[in-house]
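Student: So here's model.cif, just mmCIF, C-alpha atoms and all ligand atoms:
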data_protein
#
loop_
_atom_site.label_atom_id
_atom_site.label_comp_id
_atom_site.auth_asym_id
_atom_site.auth_seq_id
_atom_site.Cartn_x
_atom_site.Cartn_y
_atom_site.Cartn_z
CA MET S 295 118.96 105.20 211.18
CA LYS S 296 117.58 101.66 210.93
CA ASN S 297 120.16 100.08 208.61
CA GLY S 298 123.06 102.38 209.44
CA PRO S 299 124.22 105.37 207.35
CA THR S 300 123.74 105.03 203.61
CA MET S 301 124.45 107.18 200.55
CA LYS S 302 121.77 108.23 198.09
CA THR S 303 122.10 108.01 194.27
CA PRO S 304 120.72 111.26 192.83
CA PRO S 305 120.55 112.40 189.17
CA LEU S 306 123.44 114.42 187.70
CA PRO S 307 123.79 117.62 189.75
CA HIS S 308 122.79 121.01 188.35
CA ILE S 309 123.08 123.53 191.17
CA GLN S 310 122.13 127.21 190.94
CA THR S 311 123.28 130.01 193.23
CA ASP S 312 122.78 133.78 192.87
CA ARG S 313 125.79 134.18 190.56
CA LEU S 314 126.78 130.64 189.58
CA THR S 315 125.91 127.27 188.12
CA LEU S 316 127.68 124.14 189.39
CA LYS S 317 127.43 120.99 187.31
CA LEU S 318 129.26 118.14 185.62
CA LEU S 319 130.31 119.79 182.36
CA GLU S 320 129.19 117.91 179.22
CA PRO S 321 132.16 116.45 177.23
CA CYS S 322 130.88 118.34 174.14
CA ASN S 323 131.63 121.58 176.06
CA ALA S 324 135.20 120.57 176.94
CA GLU S 325 136.55 123.69 175.24
CA PHE S 326 135.27 125.79 178.18
CA MET S 327 137.50 123.78 180.50
CA VAL S 328 140.48 124.07 178.15
CA ASN S 329 140.04 127.87 178.09
CA PHE S 330 139.96 127.97 181.91
CA ARG S 331 143.03 125.75 182.25
CA VAL S 332 145.10 127.56 179.57
CA GLU S 333 144.22 131.06 180.88
CA ASN S 334 145.06 130.11 184.49
CA LYS S 335 148.13 127.94 183.92
CA GLN S 336 150.56 130.26 185.71
CA HIS S 337 148.07 131.29 188.40
CA LEU S 338 147.30 127.70 189.46
CA MET S 339 150.79 126.20 189.02
CA PRO S 340 152.02 126.90 192.61
CA TRP S 341 148.95 125.18 194.12
CA GLU S 342 148.49 122.04 192.02
CA PRO S 343 150.36 118.92 190.85
CA LEU S 344 152.66 119.26 187.83
CA ARG S 345 150.57 119.11 184.65
CA SER S 346 151.58 117.46 181.37
CA ALA S 347 151.17 119.25 178.01
CA GLU S 348 148.18 116.96 177.35
CA PHE S 349 146.33 118.48 180.32
CA TYR S 350 145.74 121.62 178.24
CA THR S 351 144.17 119.84 175.25
CA LEU S 352 140.59 119.29 174.12
CA GLY S 353 141.06 115.52 173.83
CA PHE S 354 142.20 115.27 177.45
CA TRP S 355 139.17 117.18 178.77
CA GLU S 356 136.64 115.34 176.59
CA MET S 357 137.95 112.12 178.12
CA GLN S 358 138.18 113.59 181.64
CA LEU S 359 134.61 114.92 181.58
CA ARG S 360 133.27 111.54 180.36
CA HIS S 361 135.21 109.91 183.17
CA ALA S 362 133.72 112.38 185.68
CA VAL S 363 130.18 111.23 184.78
CA GLN S 364 131.20 107.60 185.29
CA GLU S 365 132.89 108.45 188.60
CA PHE S 366 129.72 110.23 189.71
CA ARG S 367 127.51 107.26 188.82
CA GLU S 368 129.84 104.91 190.70
CA GLN S 369 129.77 107.36 193.66
CA HIS S 370 133.54 107.79 193.75
CA CYS S 371 133.73 111.53 192.99
CA VAL S 372 131.57 114.58 192.36
CA CYS S 373 133.68 116.88 190.16
CA LEU S 374 131.68 120.10 189.88
CA VAL S 375 132.53 122.77 187.34
CA ILE S 376 131.76 126.34 188.44
CA MET S 377 130.27 128.49 185.65
CA ASP S 378 128.37 131.74 185.20
CA THR S 379 124.58 131.30 185.25
CA ASP S 380 124.45 131.45 181.42
CA GLU S 381 127.00 128.59 181.34
CA THR S 382 129.30 130.32 178.85
CA GLU S 383 132.49 130.40 180.95
CA VAL S 384 134.24 128.14 183.44
CA TYR S 385 135.13 130.16 186.56
CA GLY S 386 136.68 127.25 188.43
CA VAL S 387 136.21 123.78 189.82
CA CYS S 388 135.34 122.15 193.11
CA ASN S 389 136.06 118.46 193.27
CA PHE S 390 134.69 116.16 195.95
CA THR S 391 136.89 113.07 195.58
CA PHE S 392 137.82 109.83 197.34
CA ILE S 393 134.25 109.35 198.55
CA GLN S 394 134.21 106.63 201.18
CA LYS S 395 131.05 104.89 202.29
CA GLY S 396 130.27 102.63 205.25
CA THR S 397 130.91 104.05 208.68
CA PHE S 398 133.06 106.93 207.34
CA LEU S 399 130.77 108.64 204.78
CA ALA S 400 133.47 111.19 203.99
CA CYS S 401 135.34 112.73 201.06
CA GLN S 402 138.18 115.08 200.15
CA LEU S 403 137.56 118.54 198.71
CA GLY S 404 139.82 120.38 196.26
CA TYR S 405 139.10 123.65 194.44
CA ALA S 406 140.54 126.24 192.09
CA LEU S 407 139.26 129.57 190.81
CA ALA S 408 140.25 131.68 187.79
CA GLU S 409 142.60 134.51 188.75
CA LYS S 410 140.23 137.18 187.41
CA HIS S 411 137.31 135.93 189.56
CA GLN S 412 139.14 135.93 192.90
CA GLU S 413 138.29 138.25 195.81
CA GLN S 414 134.57 138.48 194.96
CA GLY S 415 133.33 135.74 197.26
CA ILE S 416 132.84 133.41 194.29
CA MET S 417 134.55 130.36 195.76
CA ALA S 418 132.75 130.68 199.09
CA GLU S 419 129.42 130.89 197.23
CA ALA S 420 130.28 127.84 195.10
CA LEU S 421 131.62 125.75 197.96
CA LYS S 422 128.64 126.50 200.17
CA ALA S 423 126.27 125.19 197.48
CA GLY S 424 128.52 122.19 196.70
CA ILE S 425 128.85 121.27 200.37
CA ASP S 426 125.08 121.53 200.93
CA TYR S 427 124.64 119.17 197.98
CA MET S 428 127.18 116.66 199.30
CA PHE S 429 125.58 116.65 202.74
CA ASN S 430 121.91 116.75 201.75
CA ASP S 431 121.73 114.94 198.40
CA ILE S 432 124.68 112.55 198.61
CA GLY S 433 124.34 111.97 202.33
CA LEU S 434 127.94 112.49 203.46
CA HIS S 435 128.89 113.07 207.08
CA ARG S 436 132.35 114.68 206.76
CA ILE S 437 134.22 116.75 204.14
CA MET S 438 137.99 117.12 204.47
CA ALA S 439 140.06 119.88 202.86
CA ASN S 440 143.78 120.61 203.11
CA TYR S 441 145.95 123.61 202.23
CA MET S 442 149.60 124.60 202.30
CA PRO S 443 150.39 126.77 205.36
CA HIS S 444 151.17 129.84 203.22
CA ASN S 445 147.94 129.61 201.19
CA ASP S 446 146.15 132.36 203.11
CA ARG S 447 143.29 132.71 200.61
CA SER S 448 142.49 129.02 200.85
CA ALA S 449 142.67 129.13 204.65
CA ARG S 450 140.24 132.07 204.72
CA VAL S 451 137.65 130.50 202.43
CA LEU S 452 137.59 127.30 204.50
CA GLU S 453 137.39 129.18 207.78
CA ARG S 454 134.52 131.26 206.42
CA LEU S 455 132.63 128.04 205.66
CA GLY S 456 133.17 126.59 209.13
CA PHE S 457 135.97 124.10 208.44
CA VAL S 458 137.94 123.28 211.60
CA VAL S 459 141.72 122.82 211.63
CA GLU S 460 142.57 119.31 212.84
CA GLY S 461 146.32 119.17 212.41
CA LYS S 462 149.31 119.50 210.15
CA ALA S 463 150.75 116.74 207.95
CA LYS S 464 154.37 116.74 206.86
CA ASP S 465 155.16 116.18 203.15
CA TYR S 466 151.48 115.50 202.54
CA LEU S 467 150.91 116.20 198.81
CA ARG S 468 153.22 116.57 195.84
CA ILE S 469 152.48 120.10 194.61
CA ASN S 470 154.26 121.66 191.64
CA GLY S 471 156.91 118.92 191.80
CA ARG S 472 157.65 119.06 195.57
CA TRP S 473 156.28 117.30 198.63
CA GLU S 474 154.53 120.00 200.67
CA ASP S 475 153.28 120.14 204.27
CA HIS S 476 149.52 120.74 204.56
CA ILE S 477 147.10 122.00 207.20
CA LEU S 478 144.30 119.43 207.58
CA THR S 479 140.73 120.66 208.11
CA SER S 480 137.24 119.20 208.03
CA LEU S 481 133.57 120.08 208.19
CA VAL S 482 130.97 117.75 209.69
CA ASN S 483 127.38 117.64 208.46
CA PRO S 484 125.50 119.82 210.98
CA ALA S 485 122.36 117.70 210.52
CA ASP S 486 124.04 114.47 211.72
C1 LIG S 501 141.76 130.00 197.22
C2 LIG S 501 140.74 130.56 196.23
C3 LIG S 501 139.83 129.46 195.80
C4 LIG S 501 139.94 131.68 196.92
O1 LIG S 501 138.94 132.16 196.03
P1 LIG S 501 138.05 133.47 196.35
O2 LIG S 501 136.81 133.43 195.52
O3 LIG S 501 138.89 134.67 196.25
O4 LIG S 501 137.66 133.22 197.85
P2 LIG S 501 136.37 133.71 198.59
O5 LIG S 501 135.13 133.22 197.97
O6 LIG S 501 136.61 133.33 200.02
O7 LIG S 501 136.45 135.29 198.41
C5 LIG S 501 136.61 136.01 199.53
C6 LIG S 501 137.08 137.42 199.29
O8 LIG S 501 136.23 138.10 198.38
C7 LIG S 501 135.81 139.35 198.97
N1 LIG S 501 134.47 139.65 198.46
C8 LIG S 501 134.22 140.63 197.55
N2 LIG S 501 132.91 140.62 197.23
C9 LIG S 501 132.32 139.65 197.97
C10 LIG S 501 130.98 139.17 198.06
N3 LIG S 501 129.99 139.69 197.33
N4 LIG S 501 130.73 138.14 198.92
C11 LIG S 501 131.71 137.60 199.66
N5 LIG S 501 133.01 138.02 199.59
C12 LIG S 501 133.31 139.04 198.76
C13 LIG S 501 135.88 139.09 200.46
O9 LIG S 501 136.09 140.28 201.16
C14 LIG S 501 137.04 138.14 200.61
O10 LIG S 501 138.27 138.78 200.78
P3 LIG S 501 139.20 138.38 202.02
O11 LIG S 501 139.44 136.89 201.95
O12 LIG S 501 140.44 139.18 201.81
O13 LIG S 501 138.45 138.72 203.26
C15 LIG S 501 141.44 131.16 194.99
O14 LIG S 501 142.29 132.21 195.41
C16 LIG S 501 142.26 130.14 194.19
O15 LIG S 501 141.72 129.40 193.38
N6 LIG S 501 143.59 130.14 194.41
C17 LIG S 501 144.51 129.28 193.67
C18 LIG S 501 144.25 127.80 193.81
C19 LIG S 501 144.17 127.34 195.23
O16 LIG S 501 144.78 127.90 196.13
N7 LIG S 501 143.39 126.28 195.45
C20 LIG S 501 143.21 125.71 196.77
C21 LIG S 501 144.32 124.79 197.12
S1 LIG S 501 144.13 124.21 198.78
#
Is it possible to express this structure as structure tokens?

Tutor:
Amino acid sequence: MKNGPTMKTPPLPHIQTDRLTLKLLEPCNAEFMVNFRVENKQHLMPWEPLRSAEFYTLGFWEMQLRHAVQEFREQHCVCLVIMDTDETEVYGVCNFTFIQKGTFLACQLGYALAEKHQEQGIMAEALKAGIDYMFNDIGLHRIMANYMPHNDRSARVLERLGFVVEGKAKDYLRINGRWEDHILTSLVNPAD
């Protein structure tokens, strides 16, 4: 490439798959996110940071979703909400964060799915579409994702998508109030 790798600035994403829509949820629809978070509080607790009581409120998500649009425009994060195709329910989230430009052109990926929608291939379908978007529309070269060694479901979804294990990091992330070891994986843009 003549001037070295660059990132593109596309419009707000609205991605369709066979069963899903992935998009930045409008702040006026924050109640969908509150429903998802409240219903899945116990299910997601072992896999995520400790959450404050505020995390489960409408005010928090209205602010968070406004912030997500700003973060997208500044090309820091792409926080996609996974919904049904009628956009009446939040199934989960896939967040592409810590986007770095320059010679790295990489980001971190985190994801979570509602308990009732597991084991139907939903996350693999969502991540495939999200990853294609990050590679083709945003222009990233590498996506990194990490999971705790005993998170077999997370390991399987990443393996299915072609992520390669690159190592293990001790006390890597503070999950549910404890520093936890993580398996480090990444996927490189096949077109690069
Ligand atoms: C990890 C997590 C995202 C996996 O979600 P998921 O949707 O069940 O994962 P997948 O999309 O890979 O679904 C695959 C399963 O659905 C089954 N499946 C059923 N119908 C399917 C279909 N039409 N297409 C594909 N797979 C299908 C597959 O057989 C597969 O089962 P297997 O893994 O036992 O082989 C989810 O369990 C989760 O959110 N967990 C809690 C939070 C978490 O761990 N986050 C990640 C932290 S690193």

Student: When the cut-off is 8 Å and you count only C-alpha atoms and all ligand atoms, which residues lie near ligand LIG 501 (chain S), shown as a ChimeraX atom specification?

Tutor: /S:337-338,340-342,386,404-409,411-420,439-442,445-452,454

Student: Rank nothing, just name the residue among S:Ile309, S:Arg472, S:Gln336, S:Leu352 nearest to Cys322 in chain S, using only C-alpha atoms.

Tutor: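 Of S:Ile309, S:Arg472, S:Gln336, S:Leu352, the one nearest Cys322 in chain S, counting only C-alpha atoms, is S:Leu352.
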
Student: Suppose you want the space between CA of Glu460 in chain S and CA of Ser480 in chain S; what is it in Å?

Tutor: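 The value is 7.2 Å.
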
Student: Set the distance at 9 Å and use only C-alpha atoms: which residues neighbour Leu467 in chain S once local chain neighbours fewer than 6 positions away are removed? I'd like the list as a JSON list (two decimals) with C-alpha atoms, in the coordinates of the input.

Tutor:
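Output saved as selection13.json:
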[["chain", "number", "residue", "atom", "x", "y", "z"],
["S", 343, "PRO", "CA", 150.36, 118.92, 190.85],
["S", 473, "TRP", "CA", 156.28, 117.30, 198.63],
["S", 474, "GLU", "CA", 154.53, 120.00, 200.67],
["S", 475, "ASP", "CA", 153.28, 120.14, 204.27],
["S", 476, "HIS", "CA", 149.52, 120.74, 204.56]]

Student: Please determine, counting all atoms listed in the file, which residue among S:Trp355, S:Met339, S:Gln310, S:Asn470 has the shortest atom-to-atom distance to Tyr427 in chain S.

Tutor: S:Gln310

Student: What is the CA of Lys335 in chain S-CA of Pro321 in chain S distance in Å, reported with one decimal?

Tutor: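 Result for CA of Lys335 in chain S versus CA of Pro321 in chain S: 20.8 Å, one decimal.
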
Student: Using all atoms listed in the file, pick whichever of S:Met377, S:Met357, S:Val387, S:Ile469 has the shortest atom-to-atom distance to Arg331 in chain S.

Tutor: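 Distance minimum relative to Arg331 in chain S lands on S:Val387.
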
Student: Can you find the residues with an atom no farther than 8 Å from (137.7, 116.5, 205.3), counting only C-alpha atoms, and report them as a list of chain:residue names?

Tutor: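 Final list of nearby residues, as requested, is S:Ala400, S:Cys401, S:Gln402, S:Leu403, S:Arg436, S:Ile437, S:Met438, S:Ala439, S:Asn440, S:Leu478, S:Thr479, S:Ser480, S:Leu481.
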
Student: Just C-alpha atoms for this one: save the residues we selected as a compact mmCIF listing (two decimals), keeping the file's coordinate frame.

Tutor:
# COMPACT_ATOMS: atom_id res chain seq x y z
CA ALA S 400 133.47 111.19 203.99
CA CYS S 401 135.34 112.73 201.06
CA GLN S 402 138.18 115.08 200.15
CA LEU S 403 137.56 118.54 198.71
CA ARG S 436 132.35 114.68 206.76
CA ILE S 437 134.22 116.75 204.14
CA MET S 438 137.99 117.12 204.47
CA ALA S 439 140.06 119.88 202.86
CA ASN S 440 143.78 120.61 203.11
CA LEU S 478 144.30 119.43 207.58
CA THR S 479 140.73 120.66 208.11
CA SER S 480 137.24 119.20 208.03
CA LEU S 481 133.57 120.08 208.19

Student: With distances taken over all atoms listed in the file, which residue among S:Leu306, S:Val458, S:Leu399, S:Met327 lies nearest Val372 in chain S?

Tutor: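 Going through S:Leu306, S:Val458, S:Leu399, S:Met327 one by one, the smallest distance to Val372 in chain S is for S:Leu306.
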
Student: Just give me the gap between CA of Gln394 in chain S and CA of Glu356 in chain S in Å, one decimal is fine.

Tutor: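 These two atoms are separated by 26.2 Å.
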
Student: Find the residues near Ala347 in chain S: any atom within 12 Å, counting all atoms listed in the file, skip ones fewer than 2 places away on the same chain, and give them as a ChimeraX atom specification.

Tutor: /S:328,331-332,335,344-345,349-354

Student: Pick from S:Ala423, S:Ile432, S:Ala485, S:Cys388: nearest to Pro305 in chain S, with all atoms listed in the file counted?

Tutor: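 That would be S:Ile432, the residue with the smallest distance to Pro305 in chain S.
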
Student: Which is closest to Ile425 in chain S among S:Leu455, S:Val363, S:Leu319, S:Ile376, if we use all atoms listed in the file?

Tutor: S:Leu455

Student: Let me have the centre and edge lengths in Å, one decimal, of the box along x, y and z around every listed atom of range 396-413 of chain S with 4 Å of margin on each side, as JSON.

Tutor:
{"center_x": 136.4, "center_y": 120.4, "center_z": 198.0, "size_x": 20.3, "size_y": 43.6, "size_z": 29.3}
